[in-house]
$ cat upload-v3.cif   # mmCIF, C-alpha atoms
data_target
#
loop_
_atom_site.label_atom_id
_atom_site.label_comp_id
_atom_site.auth_asym_id
_atom_site.auth_seq_id
_atom_site.Cartn_x
_atom_site.Cartn_y
_atom_site.Cartn_z
CA MET F 18 -33.97 10.36 -8.29
CA ALA F 19 -32.13 13.21 -6.63
CA ARG F 20 -28.48 13.43 -7.48
CA ILE F 21 -26.49 12.10 -4.56
CA ASP F 22 -23.29 13.94 -3.77
CA LEU F 23 -20.84 11.08 -3.83
CA SER F 24 -17.94 13.45 -3.15
CA THR F 25 -18.93 13.41 0.53
CA PHE F 26 -18.66 9.61 0.77
CA SER F 27 -15.67 8.30 2.71
CA CYS F 28 -15.03 5.71 0.00
CA SER F 29 -12.55 6.31 -2.79
CA VAL F 30 -14.65 4.34 -5.28
CA ALA F 31 -17.62 6.63 -4.63
CA ARG F 32 -15.42 9.71 -4.92
CA THR F 33 -13.97 8.47 -8.19
CA LEU F 34 -17.48 7.84 -9.50
CA ASP F 35 -18.41 11.38 -8.50
CA VAL F 36 -15.87 12.62 -11.06
CA VAL F 37 -15.96 10.00 -13.82
CA GLY F 38 -18.97 7.79 -13.02
CA ASP F 39 -20.80 8.52 -16.22
CA LYS F 40 -20.77 6.55 -19.46
CA TRP F 41 -20.01 9.49 -21.76
CA THR F 42 -17.30 10.82 -19.47
CA LEU F 43 -15.49 7.49 -19.55
CA LEU F 44 -15.86 7.21 -23.32
CA VAL F 45 -14.44 10.73 -23.72
CA LEU F 46 -11.49 9.63 -21.59
CA ARG F 47 -11.04 6.44 -23.59
CA ASP F 48 -10.84 8.58 -26.74
CA ALA F 49 -8.36 10.91 -25.03
CA PHE F 50 -6.12 7.90 -24.39
CA TYR F 51 -6.38 7.04 -28.11
CA GLY F 52 -5.01 10.51 -28.85
CA VAL F 53 -8.25 12.38 -29.56
CA ARG F 54 -8.00 16.03 -28.48
CA ARG F 55 -10.45 18.21 -30.32
CA PHE F 56 -14.14 18.79 -29.87
CA ASP F 57 -15.07 17.77 -33.39
CA GLU F 58 -12.92 14.66 -33.16
CA PHE F 59 -14.65 13.49 -29.97
CA GLN F 60 -17.98 14.38 -31.51
CA ALA F 61 -17.34 12.50 -34.74
CA ASP F 62 -16.04 9.39 -33.03
CA LEU F 63 -18.66 9.13 -30.29
CA GLY F 64 -21.72 10.44 -32.12
CA ILE F 65 -22.54 12.30 -28.92
CA ALA F 66 -24.83 15.36 -28.83
CA ARG F 67 -22.76 18.55 -28.82
CA ASN F 68 -24.33 19.96 -25.66
CA VAL F 69 -23.65 16.71 -23.81
CA LEU F 70 -20.05 16.69 -25.01
CA THR F 71 -19.61 20.33 -23.97
CA ASP F 72 -20.97 19.48 -20.53
CA ARG F 73 -18.64 16.50 -20.04
CA LEU F 74 -15.54 18.32 -21.31
CA THR F 75 -16.26 21.35 -19.12
CA ARG F 76 -16.63 19.17 -16.04
CA LEU F 77 -13.40 17.28 -16.80
CA VAL F 78 -11.53 20.58 -17.18
CA GLU F 79 -13.02 21.88 -13.90
CA GLU F 80 -11.95 18.67 -12.18
CA GLY F 81 -8.41 18.99 -13.51
CA VAL F 82 -8.61 15.77 -15.54
CA LEU F 83 -8.23 17.58 -18.89
CA ASP F 84 -6.40 20.79 -19.76
CA LYS F 85 -8.02 23.13 -22.29
CA VAL F 86 -5.21 24.52 -24.43
CA ALA F 87 -5.35 26.96 -27.35
CA TYR F 88 -3.65 25.53 -30.43
CA GLU F 89 -4.64 28.37 -32.76
CA GLN F 90 -5.06 32.05 -31.99
CA ARG F 91 -7.12 33.39 -34.93
CA PRO F 92 -9.73 32.15 -34.71
CA PRO F 93 -9.13 30.81 -31.18
CA ARG F 94 -9.28 27.02 -31.21
CA PHE F 95 -8.78 24.71 -28.31
CA GLU F 96 -7.88 21.16 -27.63
CA TYR F 97 -8.25 19.00 -24.55
CA ARG F 98 -5.24 17.17 -23.19
CA LEU F 99 -5.03 14.70 -20.34
CA THR F 100 -3.33 16.08 -17.24
CA ALA F 101 -1.31 13.88 -14.87
CA LYS F 102 -4.56 13.38 -12.93
CA GLY F 103 -6.25 12.32 -16.15
CA ARG F 104 -3.46 10.02 -17.33
CA ASP F 105 -3.71 8.32 -13.96
CA LEU F 106 -7.15 7.03 -14.99
CA PHE F 107 -5.46 4.70 -17.48
CA PRO F 108 -5.72 1.68 -15.14
CA VAL F 109 -9.50 2.19 -14.94
CA ILE F 110 -9.78 2.13 -18.73
CA LEU F 111 -7.44 -0.88 -18.95
CA ALA F 112 -9.50 -2.79 -16.38
CA MET F 113 -12.75 -2.05 -18.20
CA THR F 114 -11.19 -3.08 -21.51
CA ARG F 115 -10.11 -6.40 -20.05
CA TRP F 116 -13.52 -7.17 -18.58
CA GLY F 117 -15.30 -6.18 -21.79
CA ASP F 118 -12.92 -8.29 -23.88
CA ARG F 119 -13.53 -11.28 -21.68
CA TRP F 120 -17.24 -11.10 -20.97
CA THR F 121 -19.10 -9.09 -23.60
CA TRP F 122 -18.11 -10.74 -26.87
CA ASP F 123 -19.35 -13.96 -28.42
CA GLY F 124 -16.35 -14.11 -30.73
CA GLU F 125 -13.05 -12.31 -30.47
CA PRO F 126 -12.93 -8.65 -29.48
CA ARG F 127 -11.98 -6.41 -32.39
CA VAL F 128 -9.23 -4.40 -30.77
CA ASP F 129 -5.89 -5.65 -29.49
CA LEU F 130 -3.82 -3.84 -26.89
CA ILE F 131 -0.12 -4.05 -27.67
CA HIS F 132 2.45 -3.45 -24.94
CA THR F 133 5.09 -1.68 -27.01
CA ASP F 134 7.88 -2.54 -24.53
CA CYS F 135 7.53 -6.26 -25.31
CA GLY F 136 5.54 -6.08 -28.56
CA GLN F 137 2.92 -8.56 -27.42
CA ALA F 138 -0.88 -8.38 -27.48
CA MET F 139 -1.84 -8.45 -23.83
CA HIS F 140 -4.29 -7.42 -21.15
CA ALA F 141 -3.67 -5.62 -17.88
CA GLU F 142 -3.43 -7.58 -14.64
CA PRO F 143 -3.47 -5.85 -11.28
CA VAL F 144 -0.60 -6.64 -8.92
CA CYS F 145 0.28 -5.57 -5.38
CA SER F 146 2.36 -2.37 -5.29
CA SER F 147 4.22 -3.77 -2.29
CA CYS F 148 5.18 -7.35 -3.25
CA GLY F 149 4.16 -7.60 -6.92
CA GLY F 150 1.91 -10.58 -6.19
CA GLU F 151 -1.42 -11.12 -7.85
CA LEU F 152 -4.59 -9.61 -6.44
CA HIS F 153 -8.02 -11.18 -6.31
CA PRO F 154 -11.08 -10.77 -4.09
CA ARG F 155 -9.90 -13.38 -1.60
CA ASN F 156 -6.48 -11.93 -0.86
CA VAL F 157 -7.39 -8.26 -0.50
CA ARG F 158 -9.00 -6.91 2.64
CA ALA F 159 -10.29 -3.36 3.15
CA THR F 160 -9.83 -1.89 6.61
CA PRO F 161 -11.77 -0.39 8.24
CA LEU F 162 -14.94 -1.56 6.54
CA PRO F 163 -17.77 0.98 6.43
CA ASP F 164 -19.70 0.80 9.72
CA GLY F 165 -22.86 -0.47 8.08
CA VAL F 166 -21.02 -3.27 6.33
CA GLU F 167 -19.10 -4.30 9.46
CA GLU F 168 -22.35 -4.55 11.43
CA ALA F 169 -24.15 -6.48 8.71
CA LEU F 170 -21.35 -9.04 8.41
CA ALA F 171 -21.19 -9.39 12.22
CA ARG F 172 -24.95 -9.98 12.40
CA ARG F 173 -24.77 -12.59 9.67
CA ARG F 174 -21.86 -14.37 11.38
CA ALA F 175 -23.76 -14.30 14.71
CA ALA F 176 -26.76 -15.90 12.97
CA GLY F 177 -24.45 -18.65 11.72
CA GLN F 178 -25.15 -17.84 8.09
CA MET O 84 -31.10 12.39 -23.80
CA ALA O 85 -32.05 9.10 -25.42
CA ARG O 86 -30.36 6.09 -23.95
CA ILE O 87 -27.65 4.94 -26.33
CA ASP O 88 -27.25 1.20 -26.71
CA LEU O 89 -23.57 0.85 -25.90
CA SER O 90 -23.76 -2.92 -26.28
CA THR O 91 -23.60 -2.45 -30.05
CA PHE O 92 -20.31 -0.51 -29.86
CA SER O 93 -17.26 -2.37 -31.08
CA CYS O 94 -15.28 -1.15 -28.06
CA SER O 95 -14.91 -3.24 -24.93
CA VAL O 96 -14.94 -0.17 -22.69
CA ALA O 97 -18.31 0.87 -24.09
CA ARG O 98 -19.66 -2.66 -23.70
CA THR O 99 -18.46 -2.82 -20.12
CA LEU O 100 -20.13 0.53 -19.42
CA ASP O 101 -23.33 -0.83 -20.92
CA VAL O 102 -23.41 -3.38 -18.07
CA VAL O 103 -21.83 -1.53 -15.14
CA GLY O 104 -21.57 2.11 -16.26
CA ASP O 105 -23.78 3.49 -13.54
CA LYS O 106 -22.75 4.91 -10.18
CA TRP O 107 -25.12 2.83 -8.07
CA THR O 108 -24.28 -0.36 -9.94
CA LEU O 109 -20.59 0.10 -9.21
CA LEU O 110 -21.28 0.92 -5.55
CA VAL O 111 -23.43 -2.22 -5.24
CA LEU O 112 -20.51 -4.18 -6.67
CA ARG O 113 -18.03 -2.52 -4.31
CA ASP O 114 -20.25 -3.62 -1.42
CA ALA O 115 -20.45 -7.14 -2.85
CA PHE O 116 -16.64 -7.29 -2.77
CA TYR O 117 -16.80 -6.22 0.89
CA GLY O 118 -18.99 -9.27 1.55
CA VAL O 119 -22.43 -7.64 1.45
CA ARG O 120 -25.05 -10.04 0.09
CA ARG O 121 -28.52 -9.10 1.21
CA PHE O 122 -30.96 -6.49 0.04
CA ASP O 123 -31.28 -4.80 3.43
CA GLU O 124 -27.51 -4.79 3.88
CA PHE O 125 -26.95 -3.02 0.56
CA GLN O 126 -29.80 -0.68 1.36
CA ALA O 127 -28.50 0.20 4.84
CA ASP O 128 -24.94 0.75 3.69
CA LEU O 129 -25.67 2.76 0.56
CA GLY O 130 -28.75 4.70 1.66
CA ILE O 131 -30.14 3.97 -1.80
CA ALA O 132 -33.88 4.08 -2.62
CA ARG O 133 -35.33 0.56 -2.54
CA ASN O 134 -36.74 0.72 -6.07
CA VAL O 135 -33.38 1.85 -7.44
CA LEU O 136 -31.60 -0.95 -5.58
CA THR O 137 -34.12 -3.50 -6.88
CA ASP O 138 -33.56 -2.24 -10.40
CA ARG O 139 -29.76 -2.47 -10.17
CA LEU O 140 -29.75 -5.92 -8.53
CA THR O 141 -32.21 -7.28 -11.10
CA ARG O 142 -30.08 -6.04 -13.96
CA LEU O 143 -26.90 -7.50 -12.45
CA VAL O 144 -28.62 -10.87 -12.05
CA GLU O 145 -29.89 -10.72 -15.66
CA GLU O 146 -26.38 -9.93 -16.83
CA GLY O 147 -24.92 -12.86 -14.90
CA VAL O 148 -22.79 -10.65 -12.64
CA LEU O 149 -24.66 -11.67 -9.48
CA ASP O 150 -26.42 -14.91 -8.59
CA LYS O 151 -29.68 -14.69 -6.66
CA VAL O 152 -29.66 -17.57 -4.18
CA ALA O 153 -32.28 -18.58 -1.58
CA TYR O 154 -30.74 -18.83 1.88
CA GLU O 155 -34.05 -19.42 3.71
CA GLN O 156 -37.13 -21.25 2.48
CA ARG O 157 -39.90 -20.08 4.84
CA PRO O 158 -40.29 -17.27 4.29
CA PRO O 159 -38.22 -17.33 1.10
CA ARG O 160 -35.22 -15.04 1.47
CA PHE O 161 -32.50 -14.40 -1.06
CA GLU O 162 -29.01 -13.16 -1.22
CA TYR O 163 -26.88 -11.90 -4.09
CA ARG O 164 -23.48 -13.44 -4.68
CA LEU O 165 -20.83 -12.48 -7.18
CA THR O 166 -20.44 -14.94 -10.03
CA ALA O 167 -17.10 -15.56 -11.77
CA LYS O 168 -18.12 -12.82 -14.20
CA GLY O 169 -18.80 -10.52 -11.26
CA ARG O 170 -15.60 -11.35 -9.38
CA ASP O 171 -13.74 -10.51 -12.55
CA LEU O 172 -14.77 -6.87 -12.07
CA PHE O 173 -12.42 -6.65 -9.09
CA PRO O 174 -9.66 -4.95 -11.14
CA VAL O 175 -12.13 -2.18 -12.08
CA ILE O 176 -12.94 -1.55 -8.41
CA LEU O 177 -9.24 -1.70 -7.47
CA ALA O 178 -8.35 0.81 -10.18
CA MET O 179 -11.09 3.22 -9.07
CA THR O 180 -10.00 2.86 -5.46
CA ARG O 181 -6.45 3.75 -6.36
CA TRP O 182 -7.43 6.81 -8.34
CA GLY O 183 -9.81 8.01 -5.64
CA ASP O 184 -7.16 7.48 -2.96
CA ARG O 185 -4.66 9.49 -4.92
CA TRP O 186 -6.71 12.33 -6.32
CA THR O 187 -9.88 12.94 -4.29
CA TRP O 188 -8.58 13.41 -0.74
CA ASP O 189 -6.92 16.41 0.82
CA GLY O 190 -5.58 14.26 3.64
CA GLU O 191 -5.16 10.52 3.84
CA PRO O 192 -7.91 8.23 2.54
CA ARG O 193 -9.75 6.48 5.34
CA VAL O 194 -9.59 2.92 4.09
CA ASP O 195 -6.47 0.79 3.59
CA LEU O 196 -6.33 -2.16 1.25
CA ILE O 197 -4.26 -4.99 2.71
CA HIS O 198 -2.80 -7.69 0.47
CA THR O 199 -3.18 -10.64 2.81
CA ASP O 200 -0.48 -12.66 1.00
CA CYS O 201 2.20 -10.15 2.05
CA GLY O 202 0.36 -8.34 4.84
CA GLN O 203 1.12 -4.87 3.49
CA ALA O 204 -1.12 -1.89 2.83
CA MET O 205 -0.93 -1.43 -0.92
CA HIS O 206 -2.59 -0.29 -4.09
CA ALA O 207 -3.11 -2.13 -7.34
CA GLU O 208 -0.78 -1.53 -10.28
CA PRO O 209 -1.59 -2.82 -13.74
CA VAL O 210 1.07 -4.92 -15.44
CA CYS O 211 1.35 -6.60 -18.84
CA SER O 212 -0.09 -10.14 -18.85
CA SER O 213 2.63 -11.14 -21.28
CA CYS O 214 5.89 -9.77 -19.84
CA GLY O 215 4.86 -8.44 -16.42
CA GLY O 216 6.18 -4.96 -17.26
CA GLU O 217 4.46 -1.78 -16.21
CA LEU O 218 1.73 -0.22 -18.33
CA HIS O 219 1.15 3.45 -18.94
CA PRO O 220 -0.45 5.50 -21.72
CA ARG O 221 2.81 5.79 -23.68
CA ASN O 222 3.64 2.10 -23.90
CA VAL O 223 0.21 0.71 -24.78
CA ARG O 224 -1.20 0.91 -28.28
CA ALA O 225 -4.70 -0.10 -29.37
CA THR O 226 -5.01 -1.65 -32.82
CA PRO O 227 -7.00 -1.12 -34.90
CA LEU O 228 -8.11 2.31 -33.74
CA PRO O 229 -11.75 3.17 -34.40
CA ASP O 230 -12.06 4.51 -37.98
CA GLY O 231 -13.08 7.97 -36.81
CA VAL O 232 -10.09 8.25 -34.49
CA GLU O 233 -7.62 6.98 -37.10
CA GLU O 234 -8.86 9.57 -39.61
CA ALA O 235 -8.80 12.41 -37.11
CA LEU O 236 -5.23 11.64 -36.05
CA ALA O 237 -4.14 11.34 -39.71
CA ARG O 238 -5.73 14.71 -40.52
CA ARG O 239 -3.99 16.33 -37.58
CA ARG O 240 -0.60 14.85 -38.55
CA ALA O 241 -1.10 16.01 -42.16
CA ALA O 242 -1.79 19.54 -40.87
CA GLY O 243 1.50 19.36 -38.96
CA GLN O 244 -0.22 19.80 -35.62
#

$ encode --input "upload-v3.cif" --output "structure tokens"
Amino acid sequence: MARIDLSTFSCSVARTLDVVGDKWTLLVLRDAFYGVRRFDEFQADLGIARNVLTDRLTRLVEEGVLDKVAYEQRPPRFEYRLTAKGRDLFPVILAMTRWGDRWTWDGEPRVDLIHTDCGQAMHAEPVCSSCGGELHPRNVRATPLPDGVEEALARRRAAGQ
Amino acid sequence: MARIDLSTFSCSVARTLDVVGDKWTLLVLRDAFYGVRRFDEFQADLGIARNVLTDRLTRLVEEGVLDKVAYEQRPPRFEYRLTAKGRDLFPVILAMTRWGDRWTWDGEPRVDLIHTDCGQAMHAEPVCSSCGGELHPRNVRATPLPDGVEEALARRRAAGQ
């Protein structure tokens, strides 16, 4: 399959996926949120091939999601730190954690997330930035819908289905 | 690169990515949240190759994220509807939308999300399920950390870095 250039899509989900829509990329970012910063640390934790890790880190630096910073001069050694753009991916990681906790375990998930402000084990819930109310598929509407979707839904309504 | 079986990872992010960690899969789900249900509707909106779409829909049905339901008997025709497990991915799509809106456009993003309960254009913000407070990388702690991460961070602290 040819690689599709999602960056040209008019949808923010597609454009996000163009940058981070890859399993290893998202696992690298998860590790970065844990505090992992160095090549060998990512490599040891993820068991990822070094060339693949190099590729993902390079792309994330190019995209401005990670900063590559020297922490030693002789020999030069670098670490990778989340930028503001990178830290802003935290809600994506939180949402994936919640779904995985809920739907991919037979027993209890092995990791708790603690909200240090209140000290409780918790999960993330999305709320409206305007009123603080809860969000679910039935009370959120995207406008305008993509043309193709608008037409398909209109056709289906017209057919009484 | 060999496909790694992320479903064996002890991390909920990895396990989530094992199910939905693919660009097309997440775009199919975005369309499902828009109300798209039928093969030709997904195909027309996404411009995706039919065999790739078949593959992604089949996997999502196997995983229990979509239900395949007959809406016509002669000839048999099917549509794909989000299950409870599928609807529960909404926070992932909301989080990606927010990040894409904020970081991937030079001008304004073209789609608004309206919270129909309050009528305002908004974005999703993650809050603590326990106290309702805001969540960001500095006030959320995962415990226990993966062994490899714990050791790496301990080594770095011991080295005074």

$ resolve_selection --input "upload-v3.cif" --expression "the PyMOL selection byres ((chain F and resi 31) around 12)" --output "NGL selection string"
(:F and (21-30 or 32-38)) or (:O and (105-114 or 129 or 176 or 179-184 or 187-188))

$ resolve_selection --input "upload-v3.cif" --expression "the PyMOL selection byres ((chain O and resi 205-208) around 7)" --output "ChimeraX atom specification"
/F:143-147 /O:177-178,181,196-198,203-204,209-210

$ residues_around --input "upload-v3.cif" --residues "O:Pro220" --least-positions-apart "4" --cutoff "8 Å" --atoms "all atoms listed in the file" --output "MDAnalysis selection string"
chainID F and resid 50 104 107

$ resolve_selection --input "upload-v3.cif" --expression "the PyMOL selection byres ((chain F and resi 86) around 7)" --output "number ranges by chain"
F: 84-85, 87-88, 95-97

$ residues_around --input "upload-v3.cif" --residues "O:Asn134" --least-positions-apart "5" --cutoff "12 Å" --atoms "only C-alpha atoms" --output "PyMOL selection string"
(chain F and resi 18) or (chain O and resi 107+122+126+139-141)

$ atom_distance --input "upload-v3.cif" --atom1 "atom CA of O:Gly202" --atom2 "atom CA of F:Leu152"
12.4 Å

$ closest_residue --input "upload-v3.cif" --among "F:Leu106, F:Ala171, F:Val78, F:Ala176" --to "chain O" --atoms "only C-alpha atoms"
F:Leu106

$ axis_aligned_box --input "upload-v3.cif" --around "stretch 189-200 of chain O" --padding-each-side "5 Å" --output "AutoDock Vina command-line options"
--center_x -5.1 --center_y 1.9 --center_z 2.9 --size_x 19.3 --size_y 39.1 --size_z 14.9

$ residues_around --input "upload-v3.cif" --residues "F:Leu83" --least-positions-apart "5" --cutoff "7 Å" --atoms "only C-alpha atoms" --output "PyMOL selection string"
chain F and resi 77-78+97-100+103

$ closest_residue --input "upload-v3.cif" --among "F:Glu80, F:Asp57, F:Glu151, F:Asp129" --to "chain O" --atoms "only C-alpha atoms"
F:Asp129

$ closest_residue --input "upload-v3.cif" --among "O:Glu234, O:Val175, O:Glu191, O:Ala115" --to "chain F" --atoms "only C-alpha atoms"
O:Val175

$ closest_residue --input "upload-v3.cif" --among "F:Arg172, F:Gly177, F:Glu89, F:Cys135" --to "chain O" --atoms "only C-alpha atoms"
F:Cys135

$ atom_distance --input "upload-v3.cif" --atom1 "atom CA of O:Gly118" --atom2 "atom CA of F:Arg173"
10.5 Å

$ atom_distance --input "upload-v3.cif" --atom1 "atom CA of F:Leu162" --atom2 "atom CA of F:Val82"
28.8 Å

$ closest_residue --input "upload-v3.cif" --among "F:Arg119, F:Arg54, F:Arg158, F:Arg174" --to "chain O" --atoms "only C-alpha atoms"
F:Arg158

$ closest_residue --input "upload-v3.cif" --among "O:Val119, O:Gln156, O:Trp186, O:Pro174" --to "F:Val157" --atoms "only C-alpha atoms"
O:Pro174

$ decode --input "upload-v3.cif" --residues "stretch 108-122 of chain O" --atoms "N, CA, C and O atoms" --output "PDB file, in the first residue's frame"
ATOM      1  N   THR O 108      -7.321   2.259  10.804  1.00  0.00           N
ATOM      2  CA  THR O 108      -8.270   1.805  11.827  1.00  0.00           C
ATOM      3  C   THR O 108      -8.841   3.009  12.582  1.00  0.00           C
ATOM      4  O   THR O 108     -10.050   3.109  12.796  1.00  0.00           O
ATOM      5  N   LEU O 109      -7.973   3.933  12.944  1.00  0.00           N
ATOM      6  CA  LEU O 109      -8.444   5.088  13.711  1.00  0.00           C
ATOM      7  C   LEU O 109      -9.273   6.026  12.835  1.00  0.00           C
ATOM      8  O   LEU O 109     -10.212   6.666  13.322  1.00  0.00           O
ATOM      9  N   LEU O 110      -8.979   6.088  11.538  1.00  0.00           N
ATOM     10  CA  LEU O 110      -9.811   6.920  10.657  1.00  0.00           C
ATOM     11  C   LEU O 110     -11.173   6.270  10.407  1.00  0.00           C
ATOM     12  O   LEU O 110     -12.198   6.959  10.304  1.00  0.00           O
ATOM     13  N   VAL O 111     -11.205   4.945  10.327  1.00  0.00           N
ATOM     14  CA  VAL O 111     -12.490   4.236  10.235  1.00  0.00           C
ATOM     15  C   VAL O 111     -13.321   4.542  11.481  1.00  0.00           C
ATOM     16  O   VAL O 111     -14.522   4.850  11.394  1.00  0.00           O
ATOM     17  N   LEU O 112     -12.676   4.518  12.640  1.00  0.00           N
ATOM     18  CA  LEU O 112     -13.411   4.787  13.880  1.00  0.00           C
ATOM     19  C   LEU O 112     -13.882   6.242  13.940  1.00  0.00           C
ATOM     20  O   LEU O 112     -15.012   6.520  14.354  1.00  0.00           O
ATOM     21  N   ARG O 113     -13.032   7.164  13.517  1.00  0.00           N
ATOM     22  CA  ARG O 113     -13.467   8.573  13.458  1.00  0.00           C
ATOM     23  C   ARG O 113     -14.729   8.676  12.613  1.00  0.00           C
ATOM     24  O   ARG O 113     -15.713   9.305  13.009  1.00  0.00           O
ATOM     25  N   ASP O 114     -14.739   8.037  11.441  1.00  0.00           N
ATOM     26  CA  ASP O 114     -15.925   8.079  10.585  1.00  0.00           C
ATOM     27  C   ASP O 114     -17.137   7.446  11.278  1.00  0.00           C
ATOM     28  O   ASP O 114     -18.256   7.929  11.150  1.00  0.00           O
ATOM     29  N   ALA O 115     -16.904   6.360  11.993  1.00  0.00           N
ATOM     30  CA  ALA O 115     -18.010   5.712  12.711  1.00  0.00           C
ATOM     31  C   ALA O 115     -18.619   6.682  13.723  1.00  0.00           C
ATOM     32  O   ALA O 115     -19.843   6.737  13.891  1.00  0.00           O
ATOM     33  N   PHE O 116     -17.787   7.483  14.379  1.00  0.00           N
ATOM     34  CA  PHE O 116     -18.324   8.476  15.323  1.00  0.00           C
ATOM     35  C   PHE O 116     -19.087   9.584  14.591  1.00  0.00           C
ATOM     36  O   PHE O 116     -20.001  10.180  15.153  1.00  0.00           O
ATOM     37  N   TYR O 117     -18.737   9.842  13.342  1.00  0.00           N
ATOM     38  CA  TYR O 117     -19.505  10.799  12.529  1.00  0.00           C
ATOM     39  C   TYR O 117     -20.877  10.237  12.130  1.00  0.00           C
ATOM     40  O   TYR O 117     -21.719  10.969  11.637  1.00  0.00           O
ATOM     41  N   GLY O 118     -21.045   8.915  12.240  1.00  0.00           N
ATOM     42  CA  GLY O 118     -22.310   8.309  11.835  1.00  0.00           C
ATOM     43  C   GLY O 118     -22.193   7.432  10.601  1.00  0.00           C
ATOM     44  O   GLY O 118     -23.172   6.885  10.119  1.00  0.00           O
ATOM     45  N   VAL O 119     -20.998   7.267  10.071  1.00  0.00           N
ATOM     46  CA  VAL O 119     -20.783   6.405   8.907  1.00  0.00           C
ATOM     47  C   VAL O 119     -20.936   4.946   9.336  1.00  0.00           C
ATOM     48  O   VAL O 119     -20.451   4.561  10.404  1.00  0.00           O
ATOM     49  N   ARG O 120     -21.624   4.157   8.511  1.00  0.00           N
ATOM     50  CA  ARG O 120     -21.887   2.770   8.905  1.00  0.00           C
ATOM     51  C   ARG O 120     -21.627   1.744   7.810  1.00  0.00           C
ATOM     52  O   ARG O 120     -21.549   0.553   8.095  1.00  0.00           O
ATOM     53  N   ARG O 121     -21.618   2.210   6.560  1.00  0.00           N
ATOM     54  CA  ARG O 121     -21.620   1.222   5.485  1.00  0.00           C
ATOM     55  C   ARG O 121     -20.309   1.228   4.726  1.00  0.00           C
ATOM     56  O   ARG O 121     -19.660   2.265   4.579  1.00  0.00           O
ATOM     57  N   PHE O 122     -19.985   0.054   4.209  1.00  0.00           N
ATOM     58  CA  PHE O 122     -18.704  -0.135   3.524  1.00  0.00           C
ATOM     59  C   PHE O 122     -18.456   0.977   2.506  1.00  0.00           C
ATOM     60  O   PHE O 122     -17.393   1.617   2.506  1.00  0.00           O
TER      61      PHE O 122
END
